[in-house]
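Source file: target-v6.csv; contents: CSV, C-alpha atoms.
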chain,number,residue,atom,x,y,z
K,1,MET,CA,143.3,-91.7,-57.7
K,2,LYS,CA,143.5,-93.4,-54.3
K,3,LEU,CA,145.2,-91.5,-51.5
K,4,ALA,CA,146.4,-93.2,-48.3
K,5,LEU,CA,146.8,-91.1,-45.2
K,6,VAL,CA,148.8,-92.7,-42.4
K,7,GLN,CA,148.5,-91.4,-38.9
K,8,MET,CA,151.3,-93.1,-36.9
K,9,THR,CA,153.1,-92.9,-33.6
K,10,SER,CA,156.6,-91.8,-34.5
K,11,GLU,CA,158.9,-92.2,-31.5
K,12,LYS,CA,161.6,-89.6,-31.2
K,13,ALA,CA,165.1,-90.5,-32.4
K,14,ALA,CA,163.9,-94.1,-33.3
K,15,VAL,CA,164.7,-93.9,-37.0
K,16,ALA,CA,165.2,-97.6,-37.7
K,17,ASP,CA,162.2,-98.6,-35.8
K,18,ASN,CA,160.0,-96.0,-37.4
K,19,VAL,CA,161.1,-97.1,-40.9
K,20,MET,CA,160.4,-100.7,-40.0
K,21,ARG,CA,156.9,-99.9,-38.7
K,22,MET,CA,156.2,-97.9,-41.9
K,23,GLU,CA,156.4,-101.1,-43.9
K,24,THR,CA,153.2,-102.4,-42.3
K,25,PHE,CA,151.3,-99.4,-43.5
K,26,LEU,CA,153.0,-99.4,-46.9
K,27,ASN,CA,152.0,-103.1,-47.5
K,28,ARG,CA,148.4,-102.4,-46.4
K,29,ALA,CA,148.2,-99.4,-48.7
K,30,ALA,CA,149.6,-101.4,-51.6
K,31,GLU,CA,146.9,-104.1,-51.0
K,32,LEU,CA,144.3,-101.3,-51.3
K,33,SER,CA,145.9,-100.0,-54.6
K,34,ALA,CA,146.8,-96.6,-53.1
K,35,ASP,CA,148.6,-94.3,-55.6
K,36,ILE,CA,150.0,-91.8,-53.1
K,37,ILE,CA,150.8,-92.8,-49.5
K,38,CYS,CA,151.3,-89.8,-47.2
K,39,PHE,CA,152.9,-90.1,-43.8
K,40,PRO,CA,153.0,-87.3,-41.1
K,41,GLU,CA,155.5,-84.6,-40.7
K,42,MET,CA,158.9,-85.9,-39.4
K,43,ASN,CA,157.5,-89.4,-39.1
K,44,ILE,CA,160.9,-91.0,-39.7
K,45,THR,CA,163.0,-89.1,-37.1
K,46,GLY,CA,160.1,-88.2,-34.8
K,47,TYR,CA,159.4,-84.6,-33.9
K,48,VAL,CA,162.8,-84.0,-32.3
K,49,ALA,CA,164.5,-80.9,-30.9
K,50,PRO,CA,167.8,-81.0,-33.0
K,51,ARG,CA,170.1,-80.0,-30.2
K,52,LYS,CA,168.6,-82.7,-27.9
K,53,PHE,CA,168.8,-85.4,-30.6
K,54,PRO,CA,171.7,-84.5,-32.9
K,55,ASP,CA,172.1,-88.1,-34.2
K,56,VAL,CA,168.8,-88.0,-36.0
K,57,VAL,CA,169.4,-84.7,-37.9
K,58,ILE,CA,170.0,-86.6,-41.1
K,59,GLY,CA,170.1,-86.5,-44.9
K,60,TRP,CA,168.0,-88.4,-47.4
K,61,ASP,CA,171.1,-90.5,-48.0
K,62,ASP,CA,171.0,-92.0,-44.5
K,63,PRO,CA,171.5,-95.8,-44.7
K,64,ARG,CA,168.7,-96.3,-42.1
K,65,LEU,CA,166.3,-95.2,-44.9
K,66,ASP,CA,167.5,-98.0,-47.3
K,67,PRO,CA,164.5,-100.4,-46.5
K,68,LEU,CA,162.1,-97.6,-47.5
K,69,TYR,CA,163.9,-97.1,-50.8
K,70,ALA,CA,164.0,-100.9,-51.4
K,71,TRP,CA,160.2,-101.1,-50.8
K,72,SER,CA,159.6,-98.2,-53.2
K,73,GLU,CA,161.6,-99.9,-56.0
K,74,GLY,CA,159.0,-102.6,-56.3
K,75,SER,CA,156.0,-100.3,-56.1
K,76,PRO,CA,154.4,-97.8,-58.5
K,77,ALA,CA,153.2,-95.6,-55.6
K,78,SER,CA,154.5,-92.2,-54.6
K,79,ILE,CA,155.4,-92.1,-50.9
K,80,VAL,CA,155.5,-88.8,-48.9
K,81,VAL,CA,157.7,-89.0,-45.8
K,82,GLY,CA,159.4,-86.6,-43.4
K,83,ILE,CA,162.7,-86.1,-41.5
K,84,VAL,CA,164.7,-83.4,-39.7
K,85,GLU,CA,167.2,-82.6,-42.4
K,86,ARG,CA,170.7,-81.4,-41.8
K,87,ASN,CA,171.7,-78.0,-43.1
K,88,SER,CA,175.4,-77.3,-43.6
K,89,ASP,CA,174.6,-73.5,-43.5
K,90,GLY,CA,172.7,-73.4,-40.2
K,91,MET,CA,169.8,-74.9,-38.3
K,92,PRO,CA,168.2,-77.9,-39.9
K,93,PHE,CA,165.1,-78.0,-42.0
K,94,VAL,CA,161.7,-79.7,-41.5
K,95,SER,CA,161.8,-81.7,-44.7
K,96,GLN,CA,159.3,-83.8,-46.5
K,97,SER,CA,160.1,-85.8,-49.7
K,98,VAL,CA,158.3,-87.7,-52.4
K,99,ILE,CA,159.9,-91.1,-53.0
K,100,ARG,CA,159.1,-93.1,-56.1
K,101,GLY,CA,160.9,-95.9,-57.9
K,102,GLY,CA,163.4,-96.2,-55.1
K,103,LYS,CA,164.6,-92.6,-55.0
K,104,VAL,CA,163.7,-89.1,-54.0
K,105,VAL,CA,161.9,-87.3,-56.8
K,106,GLY,CA,161.1,-84.1,-55.0
K,107,SER,CA,161.7,-82.4,-51.6
K,108,TYR,CA,160.1,-79.7,-49.6
K,109,ARG,CA,161.4,-77.7,-46.6
K,110,LYS,CA,158.8,-76.2,-44.4
K,111,ILE,CA,158.5,-72.5,-45.2
K,112,ASN,CA,156.3,-71.2,-42.3
K,113,ILE,CA,158.3,-72.0,-39.2
K,114,ALA,CA,156.0,-71.6,-36.1
K,115,SER,CA,157.2,-69.2,-33.4
K,116,ASP,CA,158.0,-72.1,-31.0
K,117,GLU,CA,160.2,-73.7,-33.7
K,118,ALA,CA,162.1,-70.6,-34.7
K,119,MET,CA,165.1,-71.4,-32.5
K,120,MET,CA,165.3,-75.0,-33.9
K,121,PHE,CA,164.7,-74.9,-37.6
K,122,SER,CA,165.5,-72.9,-40.7
K,123,PRO,CA,162.7,-72.0,-43.1
K,124,GLY,CA,162.7,-73.3,-46.7
K,125,SER,CA,162.0,-71.0,-49.6
K,126,LYS,CA,160.1,-73.0,-52.4
K,127,VAL,CA,156.9,-74.9,-52.5
K,128,LEU,CA,156.9,-78.4,-54.0
K,129,VAL,CA,154.6,-79.5,-56.8
K,130,ASN,CA,155.2,-83.1,-57.9
K,131,GLU,CA,153.3,-85.4,-60.3
K,132,HIS,CA,151.9,-88.9,-60.1
K,133,CYS,CA,150.4,-90.5,-63.2
K,134,GLY,CA,149.8,-87.1,-64.8
K,135,VAL,CA,148.2,-85.6,-61.6
K,136,LYS,CA,150.1,-82.7,-60.0
K,137,PHE,CA,150.1,-82.5,-56.3
K,138,GLY,CA,151.7,-80.1,-53.8
K,139,VAL,CA,153.4,-80.8,-50.5
K,140,LEU,CA,153.3,-78.4,-47.6
K,141,THR,CA,153.8,-79.0,-43.9
K,142,CYS,CA,151.8,-78.4,-40.6
K,143,ALA,CA,152.2,-74.7,-39.7
K,144,ASP,CA,152.0,-73.8,-43.5
K,145,GLN,CA,148.3,-74.2,-42.9
K,146,ASP,CA,148.4,-70.6,-41.5
K,147,ARG,CA,149.4,-69.2,-44.9
K,148,GLU,CA,146.8,-69.7,-47.6
K,149,GLY,CA,149.1,-68.0,-50.1
K,150,LEU,CA,151.3,-71.1,-50.1
K,151,PHE,CA,148.3,-73.3,-51.1
K,152,ALA,CA,147.5,-70.7,-53.8
K,153,LEU,CA,151.1,-70.9,-55.1
K,154,CYS,CA,150.8,-74.6,-55.3
K,155,ALA,CA,147.6,-74.2,-57.3
K,156,GLN,CA,149.2,-71.6,-59.6
K,157,ASN,CA,151.9,-74.2,-60.3
K,158,GLY,CA,149.3,-76.7,-61.4
K,159,ALA,CA,148.5,-78.7,-58.3
K,160,CYS,CA,145.0,-80.2,-58.1
K,161,LEU,CA,145.7,-81.6,-54.7
K,162,VAL,CA,147.8,-80.2,-51.8
K,163,LEU,CA,149.0,-82.5,-49.0
K,164,LEU,CA,149.7,-81.2,-45.5
K,165,PRO,CA,151.6,-83.8,-43.4
K,166,SER,CA,151.6,-82.6,-39.8
K,167,ALA,CA,152.7,-83.1,-36.2
K,168,PRO,CA,150.9,-80.6,-34.0
K,169,GLY,CA,152.0,-81.3,-30.4
K,170,LEU,CA,149.2,-81.2,-27.8
K,171,PHE,CA,149.4,-78.6,-25.0
K,172,GLY,CA,149.4,-79.5,-21.3
K,173,ALA,CA,150.9,-82.2,-19.1
K,174,GLN,CA,150.8,-85.7,-20.5
K,175,ALA,CA,149.4,-87.1,-17.3
K,176,ARG,CA,146.2,-85.0,-17.7
K,177,ARG,CA,145.8,-85.5,-21.4
K,178,ASN,CA,142.3,-85.3,-22.9
K,179,TRP,CA,142.7,-87.1,-26.2
K,180,ARG,CA,139.2,-86.3,-27.4
K,181,SER,CA,139.6,-82.6,-27.0
K,182,GLY,CA,143.0,-82.6,-28.7
K,183,TYR,CA,141.7,-84.6,-31.6
K,184,GLN,CA,138.7,-82.3,-32.0
K,185,TRP,CA,140.9,-79.2,-31.9
K,186,TRP,CA,143.0,-80.4,-34.8
K,187,ARG,CA,140.0,-81.6,-36.7
K,188,GLU,CA,138.4,-78.2,-36.5
K,189,THR,CA,141.7,-76.5,-37.3
K,190,CYS,CA,141.9,-78.5,-40.6
K,191,ARG,CA,138.3,-77.9,-41.4
K,192,ASN,CA,138.7,-74.2,-41.0
K,193,GLY,CA,142.1,-74.1,-42.7
K,194,ILE,CA,142.7,-76.5,-45.6
K,195,GLY,CA,138.9,-77.2,-45.9
K,196,ASN,CA,138.3,-73.5,-46.6
K,197,TYR,CA,141.3,-73.3,-48.9
K,198,ALA,CA,140.0,-76.2,-50.9
K,199,LYS,CA,136.7,-74.4,-51.5
K,200,ARG,CA,138.2,-71.0,-52.3
K,201,LEU,CA,141.0,-72.3,-54.5
K,202,GLY,CA,139.0,-75.1,-56.2
K,203,ILE,CA,141.5,-77.8,-55.3
K,204,TRP,CA,141.5,-81.0,-53.2
K,205,THR,CA,143.4,-80.8,-49.9
K,206,ALA,CA,144.4,-83.5,-47.3
K,207,SER,CA,146.3,-83.7,-44.0
K,208,THR,CA,147.5,-86.5,-41.8
K,209,SER,CA,149.1,-86.1,-38.3
K,210,GLN,CA,151.4,-88.0,-36.0
K,211,ALA,CA,149.3,-89.8,-33.4
K,212,GLY,CA,149.7,-90.9,-29.8
K,213,ARG,CA,152.3,-90.6,-27.1
K,214,THR,CA,156.1,-90.3,-27.4
K,215,ILE,CA,158.7,-90.0,-24.7
K,216,ASP,CA,157.9,-86.4,-24.0
K,217,GLU,CA,155.1,-85.2,-26.2
K,218,ASP,CA,151.7,-86.3,-27.5
K,219,PHE,CA,150.0,-85.8,-30.9
K,220,PRO,CA,146.3,-85.7,-31.8
K,221,GLY,CA,146.1,-87.9,-34.9
K,222,GLY,CA,143.6,-87.1,-37.6
K,223,GLY,CA,143.6,-87.7,-41.3
K,224,TYR,CA,141.2,-85.7,-43.5
K,225,ILE,CA,140.5,-85.3,-47.2
K,226,PHE,CA,138.6,-82.3,-48.6
K,227,ASP,CA,137.2,-82.1,-52.1
K,228,ASP,CA,137.4,-79.1,-54.4
K,229,HIS,CA,134.1,-77.7,-52.9
K,230,GLY,CA,135.6,-77.8,-49.3
K,231,CYS,CA,133.6,-80.9,-48.2
K,232,MET,CA,135.3,-83.4,-46.0
K,233,VAL,CA,134.9,-86.6,-47.9
K,234,ALA,CA,137.0,-88.9,-45.8
K,235,GLU,CA,138.4,-88.9,-42.2
K,236,THR,CA,140.0,-91.3,-39.7
K,237,GLU,CA,137.8,-92.7,-37.0
K,238,ASN,CA,139.6,-91.3,-34.0
K,239,TRP,CA,143.0,-90.3,-32.6
K,240,SER,CA,144.4,-93.9,-32.7
K,241,GLU,CA,147.2,-94.9,-35.0
K,242,GLY,CA,145.8,-96.1,-38.3
K,243,MET,CA,145.2,-95.3,-42.0
K,244,ILE,CA,142.5,-94.4,-44.4
K,245,VAL,CA,142.4,-94.7,-48.2
K,246,GLY,CA,140.2,-92.3,-50.0
K,247,GLU,CA,139.2,-91.6,-53.6
K,248,VAL,CA,140.5,-88.3,-55.0
K,249,ARG,CA,138.4,-87.5,-58.1
K,250,ILE,CA,140.6,-85.3,-60.2

Here is the file; what I need is its structure written in the form of structure tokens.
Amino acid sequence: MKLALVQMTSEKAAVADNVMRMETFLNRAAELSADIICFPEMNITGYVAPRKFPDVVIGWDDPRLDPLYAWSEGSPASIVVGIVERNSDGMPFVSQSVIRGGKVVGSYRKINIASDEAMMFSPGSKVLVNEHCGVKFGVLTCADQDREGLFALCAQNGACLVLLPSAPGLFGAQARRNWRSGYQWWRETCRNGIGNYAKRLGIWTASTSQAGRTIDEDFPGGGYIFDDHGCMVAETENWSEGMIVGEVRI
């Protein structure tokens, strides 16, 4: 199975533009025969504070997503993408869905809401295990990396691979940004987190992050694939926007 990890710059509240830019990565991944194409956390809406950007708290039926569904109709690939999802019962969810054949075939709402997100988002309650060509894979999100039990639960439900689309904002003033140190911080976080989980649980794990500068926040980039022995078998070259396609031998 070929897994494409896209690290992209997702401008905040730029839904239509982000969807349009996704098509470049989708077409390239298709040329490389990727089976699963994973985008970062909240890559469609950008990592927005819901009260600041209420117009991009959306549902999976938002018409601005139509080009993505149209592309998917003509492809056998599974696409993993993220939004800030409206919630009629309270604060919105951080939501990641699997799209295949022009429709949503599974959705996940982030369970482990970080402390700095607690006043913005509601937690989900169920892990997601989906299937592509007979291979079961789980989808978690960013801060879920702090809870190994969620990865174990995916494995118990048959997942041989767990994806962790992420958007870890970098600390400090943008004007003094040290991209290399931010990138290395997230790389080591993934190695010590999902890399170790892969080894202990005997599953493959992978993560990809938002990358680059947005209007008020920066992201480290970084795409990583760990095999079921915990070895990093593929990674992006640096913190720049881009994509890798790696072989997952399950």

Residue nearest His132 (chain K) among K:Met232, K:Ile37, K:Ile83, K:Ile244 (counting only C-alpha atoms): K:Ile37

Who sits within 10 Å of Asp66 (chain K), all atoms listed in the file, same chain under 4 positions skipped, as a list of chain:residue names: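 Surrounding residues, per the criterion: K:Ala16, K:Val19, K:Trp60, K:Asp61, K:Asp62, K:Ala70, K:Trp71, K:Ser72, K:Gly102, K:Lys103.
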
Contacts of region 148-153 of chain K at 10 Å (all atoms listed in the file; same-chain gap of 2+ positions) as a PyMOL selection string: chain K and resi 111-112+126-129+138-140+144-146+155-159+161-164+193-194+196-198+200-203+205

Shortest interatomic distance to Tyr183 (chain K) - which of K:Met8, K:Ile58, K:Ala34, K:Leu170, counting only C-alpha atoms: K:Leu170

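Considering the residues K:Tyr47, K:Trp204, K:Phe219, K:Tyr108 and counting all atoms listed in the file, Leu3 (chain K) has its shortest atom-to-atom contact with K:Trp204.
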
Residue nearest Arg64 (chain K) among K:Glu41, K:Met20, K:Arg100, K:Thr141 (counting all atoms listed in the file): K:Met20

Using all atoms listed in the file: which of K:Ala211, K:Met119, K:Val245, K:Val98 has the shortest distance to Arg51 (chain K): K:Met119

First collect every listed atom of region 71-85 of chain K; then fit an axis-aligned box around them, widen it by 3 Å on each side, and give centre and edge lengths in Å to one decimal, as lines of an AutoDock Vina configuration file.
center_x = 160.2
center_y = -92.6
center_z = -49.1
size_x = 20.0
size_y = 26.0
size_z = 24.8

Protein, DNA and RNA residues within 12 Å of (151.7, -91.3, -23.9), all atoms listed in the file, as a PyMOL selection string: chain K and resi 9-11+169-170+173-179+211-220+240

Which residue of K:Gly222, K:Gly59, K:Gly195, K:Gly106 approaches Thr208 (chain K) most closely, using all atoms listed in the file: K:Gly222

Residues within 6 Å of (151.4, -85.9, -35.0), file coords, all atoms listed in the file, listed as a list in words: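 Those residues, ordered by chain and then number, are Ser166, Ala167, Pro168, Ser209, Gln210, Ala211, Phe219 and Gly221 of chain K.
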
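Separating CA of Leu65 (chain K) from CA of Ile44 (chain K) is a distance of 8.6 Å.
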
Polymer residues at most 9 Å from Met91 (chain K), all atoms listed in the file, same-chain spacing of 3 or more positions, as a list of chain:residue names: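 So the residues in contact are K:Pro50, K:Arg86, K:Asn87, K:Ser88, K:Met119, K:Met120, K:Phe121, K:Ser122.
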
Create the file for the chosen residues now, containing C-alpha atoms and written as an mmCIF file, keeping the file's coordinate frame.
data_model
loop_
_atom_site.group_PDB
_atom_site.id
_atom_site.type_symbol
_atom_site.label_atom_id
_atom_site.label_comp_id
_atom_site.auth_asym_id
_atom_site.auth_seq_id
_atom_site.Cartn_x
_atom_site.Cartn_y
_atom_site.Cartn_z
ATOM 1 C CA PRO K 50 167.800 -81.000 -33.000
ATOM 2 C CA ARG K 86 170.700 -81.400 -41.800
ATOM 3 C CA ASN K 87 171.700 -78.000 -43.100
ATOM 4 C CA SER K 88 175.400 -77.300 -43.600
ATOM 5 C CA MET K 119 165.100 -71.400 -32.500
ATOM 6 C CA MET K 120 165.300 -75.000 -33.900
ATOM 7 C CA PHE K 121 164.700 -74.900 -37.600
ATOM 8 C CA SER K 122 165.500 -72.900 -40.700
#

Between CA of Asn192 (chain K) and CA of Asn130 (chain K), distance in Å (one decimal): 25.2 Å
